[in-house]
Every structure is written in structure tokens, then in C-alpha cells.
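So this block is upload19.tsv, TSV, C-alpha atoms:
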chain	number	residue	atom	x	y	z
A	261	MET	CA	8.33	-18.26	9.25
A	262	ASN	CA	8.92	-14.78	10.69
A	263	MET	CA	6.90	-11.71	9.66
A	264	ASP	CA	9.53	-10.41	7.24
A	265	GLU	CA	9.47	-13.74	5.39
A	266	LYS	CA	5.66	-13.68	5.34
A	267	LEU	CA	5.74	-10.16	3.95
A	268	PHE	CA	8.22	-11.18	1.26
A	269	HIS	CA	5.92	-14.06	0.23
A	270	TYR	CA	2.97	-11.67	0.20
A	271	TYR	CA	4.76	-9.41	-2.31
A	272	LEU	CA	5.74	-12.39	-4.47
A	273	GLU	CA	2.17	-13.74	-4.51
A	274	LEU	CA	0.85	-10.46	-5.92
A	275	LYS	CA	2.72	-11.20	-9.15
A	276	SER	CA	2.38	-14.98	-9.09
A	277	PRO	CA	0.92	-16.70	-12.18
A	278	GLU	CA	-2.39	-17.21	-10.37
A	279	ALA	CA	-2.83	-13.58	-9.19
A	280	GLY	CA	-0.55	-11.52	-11.39
A	281	GLU	CA	-2.45	-11.90	-14.63
A	282	TRP	CA	-5.63	-10.54	-13.01
A	283	ASN	CA	-3.87	-7.92	-10.85
A	284	LEU	CA	-2.18	-6.42	-13.92
A	285	SER	CA	-5.17	-6.71	-16.25
A	286	PRO	CA	-7.09	-3.73	-17.68
A	287	PRO	CA	-10.38	-4.87	-16.04
A	288	CYS	CA	-8.69	-5.00	-12.61
A	289	ILE	CA	-7.00	-1.62	-13.03
A	290	HIS	CA	-10.24	-0.09	-14.35
A	291	THR	CA	-12.19	-1.45	-11.39
A	292	GLU	CA	-9.66	-0.03	-8.92
A	293	LEU	CA	-9.66	3.36	-10.63
A	294	VAL	CA	-13.45	3.64	-10.76
A	295	THR	CA	-13.93	2.49	-7.16
A	296	ARG	CA	-11.32	4.89	-5.79
A	297	ASP	CA	-12.69	7.76	-7.84
A	298	TYR	CA	-16.22	6.94	-6.69
A	299	VAL	CA	-15.45	7.16	-2.97
A	300	ARG	CA	-13.53	10.39	-3.53
A	301	LYS	CA	-16.44	12.02	-5.36
A	302	ALA	CA	-19.44	10.55	-3.53
A	303	PHE	CA	-18.38	11.05	0.09
A	304	PRO	CA	-16.99	14.35	1.36
A	305	ILE	CA	-14.38	13.93	4.10
A	306	THR	CA	-15.31	15.53	7.41
A	307	ASP	CA	-13.19	16.19	10.48
A	308	GLU	CA	-12.79	13.09	12.65
A	309	MET	CA	-14.56	10.98	10.01
A	310	GLN	CA	-14.75	7.32	10.98
A	311	VAL	CA	-14.58	4.83	8.10
A	312	CYS	CA	-14.71	1.04	8.20
A	313	ASN	CA	-13.88	-1.42	5.42
A	314	VAL	CA	-15.19	-4.96	5.62
A	315	GLY	CA	-12.83	-7.53	4.05
A	316	ILE	CA	-9.16	-6.58	3.66
A	317	GLY	CA	-8.12	-8.89	0.81
A	318	THR	CA	-4.79	-7.61	-0.53
A	319	GLY	CA	-5.19	-4.40	1.48
A	320	ASP	CA	-4.85	-2.05	-1.51
A	321	TRP	CA	-8.33	-0.59	-0.98
A	322	ASP	CA	-7.64	-0.06	2.73
A	323	ASP	CA	-4.29	1.58	1.89
A	324	TYR	CA	-6.09	3.98	-0.45
A	325	LEU	CA	-8.79	4.81	2.11
A	326	GLY	CA	-6.09	5.64	4.67
A	327	TYR	CA	-4.41	8.05	2.25
A	328	TRP	CA	-7.79	9.52	1.29
A	329	LEU	CA	-8.59	10.22	4.96
A	330	LYS	CA	-5.08	11.36	5.89
A	331	GLY	CA	-5.18	14.23	8.34
A	332	LYS	CA	-8.97	14.16	8.71
A	333	GLY	CA	-10.27	10.74	9.70
A	334	ASN	CA	-9.55	7.21	10.78
A	335	LEU	CA	-9.98	3.82	9.15
A	336	THR	CA	-10.87	0.49	10.70
A	337	SER	CA	-10.38	-2.68	8.63
A	338	ILE	CA	-12.23	-5.87	9.51
A	339	ASP	CA	-11.35	-9.35	8.27
A	340	ILE	CA	-11.94	-12.84	9.63
A	341	ASP	CA	-8.61	-14.21	8.36
A	342	THR	CA	-5.88	-13.94	11.02
A	343	GLU	CA	-3.01	-14.19	8.53
A	344	ILE	CA	-4.48	-11.47	6.27
A	345	CYS	CA	-4.91	-9.18	9.29
A	346	GLU	CA	-1.37	-9.82	10.55
A	347	ILE	CA	0.38	-9.29	7.22
A	348	PHE	CA	-1.70	-6.21	6.37
A	349	SER	CA	-0.98	-4.56	9.71
A	350	TYR	CA	2.72	-5.47	9.52
A	351	ARG	CA	2.99	-4.31	5.91
A	352	GLN	CA	1.45	-0.92	6.71
A	353	GLN	CA	3.92	-0.53	9.58
A	354	LYS	CA	6.95	-1.51	7.44
A	355	GLU	CA	5.83	0.72	4.56
A	356	ARG	CA	5.28	3.58	7.03
A	357	HIS	CA	1.73	4.26	5.93
A	358	PRO	CA	0.94	7.80	7.19
A	359	ASN	CA	-2.59	6.91	8.32
A	360	PRO	CA	-2.58	3.18	9.09
A	361	SER	CA	-5.74	1.24	9.68
A	362	GLU	CA	-6.90	-0.10	13.01
A	363	VAL	CA	-7.23	-3.80	12.18
A	364	LEU	CA	-9.94	-5.92	13.76
A	365	CYS	CA	-9.58	-9.65	13.18
A	366	LYS	CA	-13.27	-10.43	13.51
A	367	ASN	CA	-16.19	-11.95	11.69
A	368	ILE	CA	-18.58	-9.27	10.42
A	369	PHE	CA	-21.31	-11.22	12.24
A	370	ASP	CA	-19.58	-10.92	15.65
A	371	SER	CA	-21.83	-9.24	18.20
A	372	ASP	CA	-18.96	-7.38	19.90
A	373	LEU	CA	-18.15	-5.16	16.90
A	374	PRO	CA	-18.74	-1.43	17.43
A	375	ILE	CA	-22.35	-0.31	17.02
A	376	GLU	CA	-23.20	2.95	15.23
A	377	LYS	CA	-19.58	4.13	15.24
A	378	TYR	CA	-18.85	4.80	11.57
A	379	ASP	CA	-19.79	7.54	9.12
A	380	LEU	CA	-18.97	5.33	6.14
A	381	VAL	CA	-18.71	1.55	5.75
A	382	THR	CA	-17.32	0.10	2.53
A	383	LEU	CA	-18.04	-3.40	1.29
A	384	ILE	CA	-16.46	-4.08	-2.08
A	385	GLY	CA	-15.69	-6.99	-4.38
A	386	SER	CA	-16.48	-10.52	-3.29
A	387	ALA	CA	-16.53	-9.83	0.47
A	388	ILE	CA	-20.32	-10.07	0.83
A	389	HIS	CA	-20.49	-13.35	-1.07
A	390	GLU	CA	-17.66	-14.87	0.96
A	391	THR	CA	-19.73	-14.36	4.14
A	392	GLY	CA	-22.36	-16.75	2.77
A	393	ASP	CA	-25.33	-14.63	3.85
A	394	PHE	CA	-26.17	-11.54	1.77
A	395	LYS	CA	-28.88	-10.10	4.04
A	396	LYS	CA	-27.10	-10.83	7.32
A	397	CYS	CA	-23.90	-9.24	5.98
A	398	LEU	CA	-25.72	-6.04	4.99
A	399	ASP	CA	-27.53	-6.01	8.37
A	400	SER	CA	-24.15	-6.24	10.10
A	401	CYS	CA	-22.70	-3.40	8.01
A	402	PHE	CA	-25.65	-1.13	8.79
A	403	ARG	CA	-25.31	-1.97	12.50
A	404	LEU	CA	-21.78	-0.47	12.31
A	405	LEU	CA	-23.09	2.79	10.80
A	406	LYS	CA	-24.18	5.92	12.63
A	407	HIS	CA	-27.67	7.18	11.81
A	408	GLY	CA	-27.24	9.23	8.63
A	409	GLY	CA	-24.09	7.32	7.70
A	410	TYR	CA	-23.49	5.60	4.36
A	411	LEU	CA	-22.71	2.15	3.04
A	412	MET	CA	-20.69	2.06	-0.16
A	413	PHE	CA	-21.41	-1.33	-1.69
A	414	MET	CA	-19.61	-2.57	-4.82
A	415	SER	CA	-20.10	-5.97	-6.43
A	416	SER	CA	-19.83	-7.82	-9.72
A	417	LEU	CA	-22.98	-7.83	-11.85
A	418	LYS	CA	-22.86	-11.62	-11.82
A	419	TYR	CA	-24.35	-11.21	-8.33
A	420	SER	CA	-27.73	-9.71	-9.08
A	421	ILE	CA	-28.41	-6.11	-8.13
A	422	GLU	CA	-31.99	-7.26	-7.55
A	423	LEU	CA	-30.80	-8.58	-4.18
A	424	VAL	CA	-29.88	-4.99	-3.22
A	425	TYR	CA	-33.23	-3.66	-4.40
A	426	GLU	CA	-35.08	-6.31	-2.42
A	427	TYR	CA	-33.03	-5.59	0.68
A	428	ILE	CA	-33.70	-1.82	0.42
A	429	ARG	CA	-37.46	-2.37	-0.13
A	430	ASN	CA	-37.60	-4.29	3.16
A	431	SER	CA	-35.64	-1.70	5.15
A	432	SER	CA	-35.75	1.95	6.16
A	433	TYR	CA	-32.53	2.69	4.23
A	434	LEU	CA	-32.31	4.91	1.16
A	435	LEU	CA	-30.55	3.95	-2.05
A	436	GLU	CA	-29.21	7.37	-3.07
A	437	GLN	CA	-27.09	6.35	-6.02
A	438	LYS	CA	-26.46	3.28	-8.15
A	439	ASP	CA	-23.97	3.21	-11.01
A	440	VAL	CA	-23.29	0.30	-13.35
A	441	TYR	CA	-19.93	-0.11	-15.11
A	442	GLU	CA	-19.82	-2.36	-18.15
A	443	VAL	CA	-16.64	-1.18	-19.92
A	444	PHE	CA	-15.22	-4.69	-19.58
A	445	PRO	CA	-18.06	-7.22	-20.05
A	446	GLU	CA	-15.97	-9.96	-18.45
A	447	TYR	CA	-16.01	-7.92	-15.21
A	448	SER	CA	-19.04	-5.65	-15.13
A	449	PHE	CA	-19.88	-4.27	-11.71
A	450	TYR	CA	-22.07	-1.82	-9.84
A	451	ILE	CA	-21.55	0.60	-6.96
A	452	CYS	CA	-24.33	1.73	-4.62
A	453	LYS	CA	-24.47	4.57	-2.13
A	454	ILE	CA	-26.98	3.67	0.59
A	455	LYS	CA	-27.93	5.95	3.49
A	456	LYS	CA	-28.89	4.66	6.91
Once you've parsed the file, please lay out its structure as C-alpha cells.
Amino acid sequence: MNMDEKLFHYYLELKSPEAGEWNLSPPCIHTELVTRDYVRKAFPITDEMQVCNVGIGTGDWDDYLGYWLKGKGNLTSIDIDTEICEIFSYRQQKERHPNPSEVLCKNIFDSDLPIEKYDLVTLIGSAIHETGDFKKCLDSCFRLLKHGGYLMFMSSLKYSIELVYEYIRNSSYLLEQKDVYEVFPEYSFYICKIKK
């Protein structure tokens, strides 16, 4: 299957019975709105700002971050899945995204990822839980951050926020802000702003 066919299947899968019901649901749209508004309000854009997102998924969040940074900064997107990385990069090219992401097909635990390069690292949704190691994943994200940089961490409340508190207590990092969103009880979530 060539890349155009893969891209076509990607678009179809977004509205498939398995994904479409969630993707079009009020809880999903609310979560996207709140998360995008949060990054816009909590983190001022600076010249040459370097941002990294861990876990591409559908790529919508990465697309938004690229638009948000347009003209000021650059985005790097990291994902372990080769097919996700390929289709995301190809899709951004075909859609002529004005500030496309630099895509790294890597495991967040890889030792050859950039160290202390980014002003902001985002880790949202289920990405941390898919890694299988909560603490090691956060350690890896903080290794990417410059001193004084920020981690924006968003997760479902079904994954206890106590894990974040415990992690912060055993580190030198500062939890500057934590907001909980329970508008839709079936998908309540929290967002944290943590300074390195």
C-alpha cells in the first residue's frame, strides 16, 4: 500500500464505528478544547521556543501545537510507532501544515534523545500509561527539558493524581498548577504544569 492509500485509510478510520463515536462525542470535543486552551493560556510563546510532544496518536494535538507556535517556535513529535510517525509526517506534508513537526520515531526511554533541549514538553492522554512505567516516563520527559522548562501533563482521573504528587515529592521539580475537569464524569481529567 502506497502512502496516499495509507493516508486515505487514516482519514476513514477517524470516522469508523470504533473511533468515530468517541471522536465526535461531547467529552472528546470538550477535552480537546480545554487542553488547547490550557496550553495557550499557561505557556507564553517565546522566540525560538522549542516544544516536544510525547505520543502522536492521531496527530491533532501536534497539529494544534504547530499552529500555536507558528512563526515563533518549533515542534518535535516523538512516537514509538513507525506507521503513526510515517502517516503523521506525510499527512502534514500533504496538508501543507505551515509549521510541521520534526518527527522522531523513538521510544521515550531511548538514551539518544536530545537532553535539555526543550522549553516545553507535553504528555497528554494515555501516552504515559502506554509506556508501562509512570516514573520512568516522567524521568525521560524531564531529561528532555531545559532547566526552567515546563512539563504539561494531562491524564484521565482514572489514573490517580496521587502518582503525580508522589513523583513531585521525590524530585526537585515544582508543581505550579493543577486543574481538574469533571464536566463529563465519564471522562474526568486533570492537567498539571510542572517546572523543572
Checklist line | Residues near Asp399 in chain A, cut-off 12 Å, all atoms listed in the file, skip fewer than 5 positions along chain, as a list in words | finding: Ile368, Phe369, Asp370, Ser371, Ile375, Val381, Ile388, Asp393, Phe394, Leu404, Leu405, Leu411, Val424, Tyr427, Ile428, Asn430, Ser431, Ser432, Tyr433 and Lys456 of chain A
Keeping C-alpha atoms, export the residues of the selection given above as a compact mmCIF listing (two decimals), in the coordinates of the input.
# COMPACT_ATOMS: atom_id res chain seq x y z
CA ILE A 368 -18.58 -9.27 10.42
CA PHE A 369 -21.31 -11.22 12.24
CA ASP A 370 -19.58 -10.92 15.65
CA SER A 371 -21.83 -9.24 18.20
CA ILE A 375 -22.35 -0.31 17.02
CA VAL A 381 -18.71 1.55 5.75
CA ILE A 388 -20.32 -10.07 0.83
CA ASP A 393 -25.33 -14.63 3.85
CA PHE A 394 -26.17 -11.54 1.77
CA LEU A 404 -21.78 -0.47 12.31
CA LEU A 405 -23.09 2.79 10.80
CA LEU A 411 -22.71 2.15 3.04
CA VAL A 424 -29.88 -4.99 -3.22
CA TYR A 427 -33.03 -5.59 0.68
CA ILE A 428 -33.70 -1.82 0.42
CA ASN A 430 -37.60 -4.29 3.16
CA SER A 431 -35.64 -1.70 5.15
CA SER A 432 -35.75 1.95 6.16
CA TYR A 433 -32.53 2.69 4.23
CA LYS A 456 -28.89 4.66 6.91
Next item on the list: Measure the distance from CA of Ile338 in chain A to CA of Val311 in chain A in Å and round it to one decimal.
Entry: 11.0 Å
Check: Of the candidates A:Gln352, A:Thr382, A:Asn367, A:Ser415, which one gets nearest to Cys312 in chain A if we count all atoms listed in the file?
Finding: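 Between A:Gln352, A:Thr382, A:Asn367, A:Ser415, the residue approaching Cys312 in chain A most closely is A:Thr382.
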Item checked: Which residue of A:Val363, A:Ile454, A:Leu398, A:Leu417 approaches Asp379 in chain A most closely, using all atoms listed in the file ->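 Closest candidate: A:Ile454.
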Give me the residues near Thr291 in chain A as a CSV table (one decimal) with C-alpha atoms, keeping the file's coordinate frame, where near means some atom within 9 Å (using all atoms listed in the file) and where sequence neighbours in that chain fewer than 2 positions away do not count.
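Here's the written file around_33.csv:
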chain,number,residue,atom,x,y,z
A,286,PRO,CA,-7.1,-3.7,-17.7
A,287,PRO,CA,-10.4,-4.9,-16.0
A,288,CYS,CA,-8.7,-5.0,-12.6
A,289,ILE,CA,-7.0,-1.6,-13.0
A,293,LEU,CA,-9.7,3.4,-10.6
A,294,VAL,CA,-13.4,3.6,-10.8
A,295,THR,CA,-13.9,2.5,-7.2
A,296,ARG,CA,-11.3,4.9,-5.8
A,441,TYR,CA,-19.9,-0.1,-15.1
A,447,TYR,CA,-16.0,-7.9,-15.2
A,448,SER,CA,-19.0,-5.6,-15.1
A,449,PHE,CA,-19.9,-4.3,-11.7
Check: Closest to Ile340 in chain A among A:Gly315, A:Gly326, A:Pro358, A:Pro277, using only C-alpha atoms?
Finding: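 Using only C-alpha atoms, the shortest distance to Ile340 in chain A belongs to A:Gly315.
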Note to self: If I take CA of Glu308 in chain A and CA of Gly333 in chain A, how far is one from the other in Å, to one decimal?
What the structure shows: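 Going from CA of Glu308 in chain A over to CA of Gly333 in chain A covers 4.5 Å.
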Item checked: Shell around Glu265 in chain A at 12 Å using all atoms listed in the file, local window under 5 positions removed, as a PyMOL selection string -> chain A and resi 270-272+347+350-351
Check: Can you tell me how far CA of Asn283 in chain A sits from CA of Asn334 in chain A, in Å to one decimal?
Finding: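 It comes out at 27.0 Å.
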Margin query: I need the residue nearest Trp321 in chain A from this list: A:Ile384, A:Ser349, A:Lys301, A:Leu284. Use all atoms listed in the file for the distance.
Written below: A:Ile384
Check: Given the choices A:Thr342, A:Ala279, A:His290, A:Leu380, which gets closest to Glu442 in chain A if the distance is worked out from all atoms listed in the file?
Finding: A:His290
Notebook entry, point to check: What's the 12 Å shell around Arg300 in chain A, counting all atoms listed in the file, without same-chain residues fewer than 5 positions away, as an NGL selection string?
Noted result: :A and (293-295 or 305 or 324-325 or 327-329 or 412)
Margin query: For a quick check of understanding, using all atoms listed in the file, which of A:Cys452, A:Ile316, A:Ile421, A:Leu274 has the smallest distance to Ala387 in chain A?
Written below: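 Among A:Cys452, A:Ile316, A:Ile421, A:Leu274, it is A:Ile316 that comes nearest to Ala387 in chain A.
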Write only N, CA, C and O atoms for range 387-408 of chain A from the block just shown, as a PDB file, in the first residue's frame.
ATOM      1  N   ALA A 387      -0.756   8.439  26.822  1.00  0.00           N
ATOM      2  CA  ALA A 387       0.641   8.177  26.434  1.00  0.00           C
ATOM      3  C   ALA A 387       1.475   7.625  27.587  1.00  0.00           C
ATOM      4  O   ALA A 387       2.214   6.650  27.419  1.00  0.00           O
ATOM      5  N   ILE A 388       1.370   8.227  28.766  1.00  0.00           N
ATOM      6  CA  ILE A 388       2.202   7.777  29.888  1.00  0.00           C
ATOM      7  C   ILE A 388       1.868   6.347  30.296  1.00  0.00           C
ATOM      8  O   ILE A 388       2.750   5.575  30.654  1.00  0.00           O
ATOM      9  N   HIS A 389       0.620   5.984  30.222  1.00  0.00           N
ATOM     10  CA  HIS A 389       0.199   4.649  30.653  1.00  0.00           C
ATOM     11  C   HIS A 389       0.561   3.597  29.612  1.00  0.00           C
ATOM     12  O   HIS A 389       0.788   2.438  29.957  1.00  0.00           O
ATOM     13  N   GLU A 390       0.655   4.009  28.357  1.00  0.00           N
ATOM     14  CA  GLU A 390       1.052   3.082  27.294  1.00  0.00           C
ATOM     15  C   GLU A 390       2.535   2.726  27.384  1.00  0.00           C
ATOM     16  O   GLU A 390       2.957   1.698  26.863  1.00  0.00           O
ATOM     17  N   THR A 391       3.334   3.578  28.053  1.00  0.00           N
ATOM     18  CA  THR A 391       4.762   3.271  28.207  1.00  0.00           C
ATOM     19  C   THR A 391       4.982   2.145  29.205  1.00  0.00           C
ATOM     20  O   THR A 391       6.004   1.475  29.156  1.00  0.00           O
ATOM     21  N   GLY A 392       4.020   1.968  30.141  1.00  0.00           N
ATOM     22  CA  GLY A 392       4.139   0.898  31.120  1.00  0.00           C
ATOM     23  C   GLY A 392       4.937   1.252  32.358  1.00  0.00           C
ATOM     24  O   GLY A 392       5.054   0.436  33.270  1.00  0.00           O
ATOM     25  N   ASP A 393       5.508   2.457  32.415  1.00  0.00           N
ATOM     26  CA  ASP A 393       6.313   2.828  33.584  1.00  0.00           C
ATOM     27  C   ASP A 393       6.144   4.317  33.855  1.00  0.00           C
ATOM     28  O   ASP A 393       6.807   5.157  33.241  1.00  0.00           O
ATOM     29  N   PHE A 394       5.251   4.648  34.776  1.00  0.00           N
ATOM     30  CA  PHE A 394       4.889   6.029  35.088  1.00  0.00           C
ATOM     31  C   PHE A 394       6.115   6.869  35.446  1.00  0.00           C
ATOM     32  O   PHE A 394       6.373   7.918  34.844  1.00  0.00           O
ATOM     33  N   LYS A 395       6.886   6.433  36.427  1.00  0.00           N
ATOM     34  CA  LYS A 395       8.041   7.200  36.901  1.00  0.00           C
ATOM     35  C   LYS A 395       9.117   7.342  35.820  1.00  0.00           C
ATOM     36  O   LYS A 395       9.644   8.433  35.587  1.00  0.00           O
ATOM     37  N   LYS A 396       9.430   6.248  35.165  1.00  0.00           N
ATOM     38  CA  LYS A 396      10.478   6.281  34.136  1.00  0.00           C
ATOM     39  C   LYS A 396      10.074   7.192  32.977  1.00  0.00           C
ATOM     40  O   LYS A 396      10.909   7.898  32.405  1.00  0.00           O
ATOM     41  N   CYS A 397       8.791   7.207  32.639  1.00  0.00           N
ATOM     42  CA  CYS A 397       8.302   8.080  31.569  1.00  0.00           C
ATOM     43  C   CYS A 397       8.469   9.551  31.966  1.00  0.00           C
ATOM     44  O   CYS A 397       8.952  10.366  31.183  1.00  0.00           O
ATOM     45  N   LEU A 398       8.065   9.902  33.193  1.00  0.00           N
ATOM     46  CA  LEU A 398       8.240  11.287  33.645  1.00  0.00           C
ATOM     47  C   LEU A 398       9.717  11.651  33.717  1.00  0.00           C
ATOM     48  O   LEU A 398      10.116  12.753  33.318  1.00  0.00           O
ATOM     49  N   ASP A 399      10.562  10.737  34.208  1.00  0.00           N
ATOM     50  CA  ASP A 399      12.012  10.988  34.236  1.00  0.00           C
ATOM     51  C   ASP A 399      12.524  11.317  32.835  1.00  0.00           C
ATOM     52  O   ASP A 399      13.303  12.254  32.641  1.00  0.00           O
ATOM     53  N   SER A 400      12.068  10.548  31.849  1.00  0.00           N
ATOM     54  CA  SER A 400      12.507  10.750  30.466  1.00  0.00           C
ATOM     55  C   SER A 400      12.038  12.094  29.928  1.00  0.00           C
ATOM     56  O   SER A 400      12.775  12.784  29.218  1.00  0.00           O
ATOM     57  N   CYS A 401      10.814  12.495  30.257  1.00  0.00           N
ATOM     58  CA  CYS A 401      10.300  13.794  29.821  1.00  0.00           C
ATOM     59  C   CYS A 401      11.102  14.931  30.435  1.00  0.00           C
ATOM     60  O   CYS A 401      11.449  15.900  29.742  1.00  0.00           O
ATOM     61  N   PHE A 402      11.419  14.821  31.716  1.00  0.00           N
ATOM     62  CA  PHE A 402      12.196  15.884  32.365  1.00  0.00           C
ATOM     63  C   PHE A 402      13.629  15.936  31.840  1.00  0.00           C
ATOM     64  O   PHE A 402      14.238  17.003  31.809  1.00  0.00           O
ATOM     65  N   ARG A 403      14.170  14.797  31.400  1.00  0.00           N
ATOM     66  CA  ARG A 403      15.509  14.783  30.799  1.00  0.00           C
ATOM     67  C   ARG A 403      15.522  15.603  29.499  1.00  0.00           C
ATOM     68  O   ARG A 403      16.517  16.226  29.147  1.00  0.00           O
ATOM     69  N   LEU A 404      14.388  15.644  28.790  1.00  0.00           N
ATOM     70  CA  LEU A 404      14.287  16.415  27.553  1.00  0.00           C
ATOM     71  C   LEU A 404      14.261  17.924  27.804  1.00  0.00           C
ATOM     72  O   LEU A 404      14.605  18.716  26.936  1.00  0.00           O
ATOM     73  N   LEU A 405      13.817  18.320  29.008  1.00  0.00           N
ATOM     74  CA  LEU A 405      13.579  19.732  29.314  1.00  0.00           C
ATOM     75  C   LEU A 405      14.835  20.485  29.727  1.00  0.00           C
ATOM     76  O   LEU A 405      15.661  19.988  30.489  1.00  0.00           O
ATOM     77  N   LYS A 406      14.910  21.741  29.270  1.00  0.00           N
ATOM     78  CA  LYS A 406      15.922  22.668  29.765  1.00  0.00           C
ATOM     79  C   LYS A 406      15.624  22.968  31.229  1.00  0.00           C
ATOM     80  O   LYS A 406      14.479  22.872  31.667  1.00  0.00           O
ATOM     81  N   HIS A 407      16.641  23.403  31.967  1.00  0.00           N
ATOM     82  CA  HIS A 407      16.405  23.860  33.333  1.00  0.00           C
ATOM     83  C   HIS A 407      15.488  25.082  33.271  1.00  0.00           C
ATOM     84  O   HIS A 407      15.722  26.000  32.495  1.00  0.00           O
ATOM     85  N   GLY A 408      14.426  25.080  34.043  1.00  0.00           N
ATOM     86  CA  GLY A 408      13.443  26.163  33.998  1.00  0.00           C
ATOM     87  C   GLY A 408      12.319  25.909  33.018  1.00  0.00           C
ATOM     88  O   GLY A 408      11.382  26.695  32.928  1.00  0.00           O
TER      89      GLY A 408
END
